[in-house]
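Chemist: Input file: my_file_33.csv. Contents: CSV, C-alpha atoms.
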```csv
chain,number,residue,atom,x,y,z
A,1419,MET,CA,115.0,105.5,109.5
A,1420,SER,CA,115.3,104.1,113.0
A,1421,ASN,CA,118.6,102.4,112.0
A,1422,ILE,CA,120.2,105.7,110.9
A,1423,SER,CA,122.4,107.3,113.6
A,1424,THR,CA,121.6,110.7,115.0
A,1425,LYS,CA,124.9,112.1,113.6
A,1426,THR,CA,123.9,110.9,110.1
A,1427,LEU,CA,120.4,112.5,110.5
A,1428,TYR,CA,122.0,115.8,111.4
A,1429,THR,CA,124.1,115.5,108.2
A,1430,HIS,CA,121.1,114.7,106.1
A,1431,LEU,CA,119.1,117.6,107.7
A,1432,ARG,CA,121.9,120.1,107.0
A,1433,ASN,CA,122.4,118.9,103.4
A,1434,ALA,CA,118.7,119.1,102.7
A,1435,LEU,CA,118.5,122.6,104.1
A,1436,LYS,CA,121.6,123.7,102.1
A,1437,THR,CA,120.2,122.3,98.9
A,1438,GLY,CA,116.7,123.7,99.5
A,1439,VAL,CA,118.1,127.2,100.0
A,1440,CYS,CA,120.6,127.1,97.2
A,1441,CYS,CA,118.8,125.4,94.4
A,1442,SER,CA,116.8,127.4,91.8
A,1443,GLY,CA,114.3,124.7,90.9
A,1444,HIS,CA,111.1,125.2,92.9
A,1445,THR,CA,110.3,121.5,93.1
A,1446,LYS,CA,113.8,120.5,94.2
A,1447,SER,CA,113.7,123.2,96.8
A,1448,HIS,CA,110.3,122.2,98.1
A,1449,TRP,CA,111.3,118.5,98.4
A,1450,ASN,CA,114.5,119.3,100.2
A,1451,PHE,CA,112.6,121.3,102.8
A,1452,VAL,CA,110.1,118.4,103.2
A,1453,LYS,CA,113.0,116.1,103.8
A,1454,ALA,CA,114.7,118.6,106.2
A,1455,ASN,CA,111.4,118.8,108.2
A,1456,GLU,CA,111.2,115.0,108.3
A,1457,TYR,CA,114.8,114.7,109.6
A,1458,ARG,CA,114.1,117.4,112.2
A,1459,ASP,CA,111.0,115.6,113.4
A,1460,ILE,CA,112.9,112.3,113.8
A,1461,LEU,CA,115.7,114.1,115.7
A,1462,ASN,CA,113.2,115.7,118.0
A,1463,GLU,CA,111.6,112.3,118.6
A,1464,ARG,CA,115.1,111.2,119.7
A,1465,GLY,CA,115.2,113.9,122.3
A,1466,GLU,CA,117.0,116.6,120.3
A,1467,ASN,CA,115.7,120.2,120.7
A,1468,LEU,CA,115.4,121.5,117.2
A,1469,PRO,CA,113.0,124.3,116.0
A,1470,GLU,CA,109.4,123.1,115.5
A,1471,HIS,CA,108.5,125.6,112.8
A,1472,ASP,CA,108.6,124.8,109.1
A,1473,LEU,CA,112.2,125.0,108.0
A,1474,ALA,CA,111.2,126.2,104.5
A,1475,ALA,CA,110.6,129.7,106.0
A,1476,LEU,CA,113.2,131.9,104.3
A,1477,THR,CA,113.0,134.2,107.3
A,1478,PRO,CA,113.7,131.7,110.1
A,1479,ARG,CA,112.8,132.4,113.7
A,1480,ASP,CA,116.2,131.4,114.9
A,1481,PRO,CA,118.7,132.8,112.3
A,1482,VAL,CA,121.8,131.9,114.4
A,1483,TRP,CA,120.8,128.2,114.4
A,1484,TYR,CA,119.6,128.3,110.8
A,1485,ASP,CA,122.8,129.9,109.5
A,1486,ALA,CA,125.0,127.5,111.5
A,1487,GLN,CA,123.2,124.5,109.9
A,1488,LEU,CA,123.6,125.9,106.4
A,1489,LYS,CA,127.3,126.4,106.9
A,1490,LEU,CA,127.6,122.7,107.9
A,1491,GLY,CA,125.5,121.5,105.0
A,1492,GLU,CA,126.7,120.3,101.5
A,1493,TYR,CA,124.7,121.2,98.4
A,1494,ASN,CA,123.3,117.9,96.9
A,1495,GLY,CA,125.0,116.0,99.8
A,1496,SER,CA,123.7,112.7,101.3
A,1497,GLY,CA,120.1,113.0,102.5
A,1498,SER,CA,119.2,115.7,100.1
A,1499,PHE,CA,116.6,115.3,97.3
```
Please rewrite the model in this file as structure tokens.

Modeler:
Amino acid sequence: MSNISTKTLYTHLRNALKTGVCCSGHTKSHWNFVKANEYRDILNERGENLPEHDLAALTPRDPVWYDAQLKLGEYNGSGSF
């Protein structure tokens, strides 16, 4: 994923989060959170400062950040599972 822009990775992260939160299938939800965590890790490797905790937590440690990302995401958008 080194050839994907940081902006695109943020889009993928937000779409995977939105889909993971909003879908009813447990497997689909699980894999979207796996992808969101992968995108987050890559972004942090690029010098971004994103939360280190598992993004699958339904009670996030930083609700302001988490809610903002969900609002920017698109259900089943690019980068989601």

Chemist: Of the candidates A:Met1419, A:Leu1435, A:Leu1461, A:Leu1488, which shows the shortest atom-to-atom distance to A:Trp1449, using all atoms listed in the file?

Modeler: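 Between A:Met1419, A:Leu1435, A:Leu1461, A:Leu1488, the residue approaching A:Trp1449 most closely is A:Leu1435.
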
Chemist: What's the separation between atom CA of A:Ser1420 and atom CA of A:Thr1445, in Å to one decimal place?

Modeler: 26.9 Å

Chemist: So, with all atoms listed in the file as the atoms that count, which of A:Arg1432, A:Ala1474, A:Glu1456, A:Glu1466 lies closest to A:Ala1486?

Modeler: A:Arg1432

Chemist: Report the distance between atom CA of A:Val1452 and atom CA of A:Asn1421 in Å, rounded to one decimal place.

Modeler: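 Answer for the atom CA of A:Val1452 to atom CA of A:Asn1421 separation: 20.1 Å.
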
Chemist: Hey, can you check how far atom CA of A:Glu1470 sits from atom CA of A:Tyr1457?

Modeler: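 These two atoms are separated by 11.6 Å.
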
Chemist: Using only C-alpha atoms, which residues sit within 9 Å of A:Lys1453 once same-chain residues fewer than 5 positions away are excluded, as a PyMOL selection string?

Modeler: chain A and resi 1430-1431+1434-1435+1448+1458+1497-1499

Chemist: Save the residues we just selected, C-alpha atoms, as a compact mmCIF listing (two decimals), in the frame of the given file?

Modeler:
```txt
# COMPACT_ATOMS: atom_id res chain seq x y z
CA HIS A 1430 121.10 114.70 106.10
CA LEU A 1431 119.10 117.60 107.70
CA ALA A 1434 118.70 119.10 102.70
CA LEU A 1435 118.50 122.60 104.10
CA HIS A 1448 110.30 122.20 98.10
CA ARG A 1458 114.10 117.40 112.20
CA GLY A 1497 120.10 113.00 102.50
CA SER A 1498 119.20 115.70 100.10
CA PHE A 1499 116.60 115.30 97.30
```

Chemist: Could you check the closest approach to A:Lys1436 for each of A:Gly1491, A:Asn1450, A:Ala1475, A:Ser1496 and tell me which residue wins, using only C-alpha atoms?

Modeler: A:Gly1491

Chemist: Pick out the closest residue to A:Thr1429 from this set: A:Glu1463, A:Gly1443, A:Pro1481, A:Ala1454. Count all atoms listed in the file.

Modeler: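 Among the listed residues, the smallest separation from A:Thr1429 belongs to A:Ala1454.
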
Chemist: Kindly indicate which residue among A:Gln1487, A:Ser1447, A:Ser1442, A:Asn1467 lies nearest to A:Tyr1428, using all atoms listed in the file for the distances.

Modeler: A:Gln1487

Chemist: Rank nothing, just name the residue among A:Cys1440, A:Lys1446, A:Arg1464, A:Asp1480 nearest to A:Lys1425, using only C-alpha atoms.

Modeler: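 Comparing A:Cys1440, A:Lys1446, A:Arg1464, A:Asp1480 against A:Lys1425, the winner is A:Arg1464.
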